[in-house]
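Single-structure report; data block below.
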Amino acid sequence: MIKLLQKSAQLNEKYSECKIDFEEKEIENAINILIPQSKYSKTKAIPKFDNEDLLIEISQAIEFLWTLNGIQATYKLRQYFSLIENIDYFFNNITEIMSIEYQPSNEDVIKCRMKTTGIVEEHYKINGHRMNIFDVGGQRNERKKWIQLFDGVDVIIFVAALNHYCCVLFEDETVNAMQESLQLFDEIVNAKWFTSKHTQFILFLNKDDLFRIRLR
């Protein structure tokens, strides 16, 4: 929510529908509950998430801020800034999620996003064949770690998100995420370490559900 508040303040000069009155008492109170350490709050105490009353307060604050016209307008312009995917799903279900009895559903787990950092190695044996699979993070600061895996690669599975045609990079909000993927794919396919004789490439396009939503 803090990212949406920040972007609302930045975008309202160009897009008046994104404007939020941070001096309005109800909005100020919600921000004080949710992010007391932010520049929009006059309170400096950091809340402790250790009791049901506080969880209810936080969920009500998020629910209220999420329904503001300025926040909704800012969210619709998310192609101009990086934002965690599926955040609308969690904000729309915030009361249930912030309940002290909350148990995540399969849908909740699927909607979660965890960045891959470092190198994750898994070993499989299928039909008597042993396979070593390495999962690496795609962020710019993770790519320097890839080179240690470039020897003896049989298959590369390059995963690209379809919905990134209208997203920007987390690391650089001036760069389109799909253009970055295309450039990176070109570099990998044509890298001297991977010849067509020894390495096969699989291009996997995912996030079709989010792609369809963005086309609406």
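Chain labels run A, B, ... following the order of the structure tokens; each chain numbers its residues from 1, and ligands are numbered from 1 in the order shown.
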Could you write out, as an MDAnalysis selection string, all the residues of segment 9-153 of chain A that DSSP marks as helix (DSSP H, G or I)? chainID A and resid 9:11 16:18 25:34 52:66 69:76 78:80 87:92 94:97 106:111 140:149
Report as a PyMOL selection string all protein, DNA and RNA residues lying within 12 Å of Met114 of chain A, evaluated on only C-alpha atoms, omitting residues in the same chain fewer than 6 positions from it. chain A and resi 84-86+137
Would you mind telling me which residue in A:Ile156, A:Ile20, A:Ile2, A:Val109 lies nearest to Val189 of chain A when using only C-alpha atoms?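 Between A:Ile156, A:Ile20, A:Ile2, A:Val109, the residue approaching Val189 of chain A most closely is A:Ile156.
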What are the nearest atom pairs, with distances in Å to one decimal, for all residues of segment 68-168 of chain A that come at most 7 Å from segment 195-208 of chain A, using only C-alpha atoms, set out by chain and rising residue number as a tab-separated table?
```
residue	atom	partner	partner_atom	distance
A:Val153	CA	A:Thr199	CA	6.0
A:Asp154	CA	A:Thr199	CA	4.6
A:Val155	CA	A:Gln200	CA	4.7
A:Ile156	CA	A:Phe201	CA	5.0
A:Ile157	CA	A:Ile202	CA	4.7
A:Phe158	CA	A:Leu203	CA	5.0
A:Val159	CA	A:Phe204	CA	4.7
A:Ala160	CA	A:Leu205	CA	5.0
A:Ala161	CA	A:Asn206	CA	5.0
A:Leu162	CA	A:Lys207	CA	5.9
A:Asn163	CA	A:Lys207	CA	6.5
```
Distance in Å - atom CA of Tyr75 of chain A versus atom CA of Phe211 of chain A: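 About the pair atom CA of Tyr75 of chain A and atom CA of Phe211 of chain A: they are 15.9 Å apart.
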Atom CA of Leu83 of chain A to atom CA of Asp172 of chain A, straight-line distance in Å: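 Separation of atom CA of Asp172 of chain A and atom CA of Leu83 of chain A: 12.2 Å.
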If we count only C-alpha atoms, what is near Lys3 of chain A at a cut-off of 9 Å, once residues fewer than 3 positions away on the same chain are taken out, given as a list in words? Gln6, Lys7, Ser8, Ser82 and Leu83 of chain A
Contacts of Tyr89 of chain A at 10 Å (only C-alpha atoms; same-chain gap of 4+ positions) as a list in words: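 My list of contacting residues is Glu85, Asn93, Ile94, Glu107, Asp108, Lys111 and Cys112 of chain A.
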Which polymer residues have any atom within 8 Å of an atom of His123 of chain A, counting only C-alpha atoms, with same-chain residues fewer than 4 positions away left out, as a PyMOL selection string? chain A and resi 130-133
Can you measure atom CA of Asn92 of chain A to atom CA of Met1 of chain A for me? One decimal in Å is fine.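 Going from atom CA of Asn92 of chain A over to atom CA of Met1 of chain A, I get 12.4 Å.
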Among segment 14-175 of chain A, which ones does DSSP place in strand (DSSP E), written as a compact mmCIF listing (two decimals) with N, CA and C atoms, in the first residue's frame?
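Writing the result to out_34.txt gives the following:
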```
# COMPACT_ATOMS: atom_id res chain seq x y z
N ILE A 119 20.97 -19.69 -6.24
CA ILE A 119 20.80 -20.82 -7.15
C ILE A 119 20.11 -21.95 -6.38
N VAL A 120 18.97 -22.38 -6.89
CA VAL A 120 18.22 -23.48 -6.27
C VAL A 120 18.44 -24.73 -7.11
N GLU A 121 18.96 -25.78 -6.49
CA GLU A 121 19.30 -27.01 -7.22
C GLU A 121 18.39 -28.15 -6.78
N GLU A 122 17.84 -28.87 -7.76
CA GLU A 122 17.00 -30.03 -7.49
C GLU A 122 17.47 -31.19 -8.38
N HIS A 123 17.33 -32.41 -7.85
CA HIS A 123 17.74 -33.61 -8.58
C HIS A 123 16.54 -34.53 -8.79
N TYR A 124 16.39 -35.02 -10.01
CA TYR A 124 15.28 -35.91 -10.35
C TYR A 124 15.81 -37.13 -11.10
N LYS A 125 15.07 -38.22 -10.97
CA LYS A 125 15.38 -39.42 -11.75
C LYS A 125 14.10 -39.86 -12.43
N ILE A 126 14.08 -39.76 -13.76
CA ILE A 126 12.88 -40.09 -14.54
C ILE A 126 13.26 -41.12 -15.59
N HIS A 129 16.80 -41.96 -15.93
CA HIS A 129 17.72 -40.88 -16.29
C HIS A 129 17.79 -39.85 -15.16
N ARG A 130 18.99 -39.53 -14.74
CA ARG A 130 19.18 -38.55 -13.68
C ARG A 130 19.26 -37.15 -14.28
N MET A 131 18.51 -36.24 -13.71
CA MET A 131 18.52 -34.86 -14.18
C MET A 131 18.82 -33.92 -13.03
N ASN A 132 19.69 -32.97 -13.29
CA ASN A 132 19.98 -31.91 -12.32
C ASN A 132 19.39 -30.61 -12.86
N ILE A 133 18.49 -30.03 -12.11
CA ILE A 133 17.82 -28.80 -12.53
C ILE A 133 18.24 -27.66 -11.62
N PHE A 134 18.62 -26.54 -12.24
CA PHE A 134 19.06 -25.37 -11.49
C PHE A 134 18.10 -24.21 -11.80
N ASP A 135 17.55 -23.64 -10.76
CA ASP A 135 16.66 -22.48 -10.91
C ASP A 135 17.42 -21.25 -10.45
N VAL A 136 17.46 -20.23 -11.31
CA VAL A 136 18.21 -19.02 -10.96
C VAL A 136 17.30 -17.80 -11.04
N VAL A 155 20.02 -28.37 -21.53
CA VAL A 155 18.76 -27.68 -21.86
C VAL A 155 18.65 -26.40 -21.04
N ILE A 156 18.22 -25.33 -21.67
CA ILE A 156 17.90 -24.10 -20.95
C ILE A 156 16.41 -23.82 -21.13
N ILE A 157 15.72 -23.66 -20.02
CA ILE A 157 14.31 -23.28 -20.05
C ILE A 157 14.24 -21.79 -19.70
N PHE A 158 13.90 -20.99 -20.68
CA PHE A 158 13.81 -19.54 -20.48
C PHE A 158 12.35 -19.20 -20.22
N VAL A 159 12.06 -18.66 -19.05
CA VAL A 159 10.69 -18.34 -18.65
C VAL A 159 10.46 -16.84 -18.81
N ALA A 160 9.43 -16.49 -19.59
CA ALA A 160 9.08 -15.09 -19.80
C ALA A 160 7.59 -14.90 -19.52
N ALA A 161 7.26 -13.82 -18.83
CA ALA A 161 5.88 -13.54 -18.46
C ALA A 161 5.17 -12.76 -19.57
```
Near Asp21 of chain A, within 12 Å and counting only C-alpha atoms, which residues show up once chain neighbours fewer than 2 positions away are dropped, as an MDAnalysis selection string? chainID A and resid 5 8:9 12 16:19 23:28 31 40 65 68:71
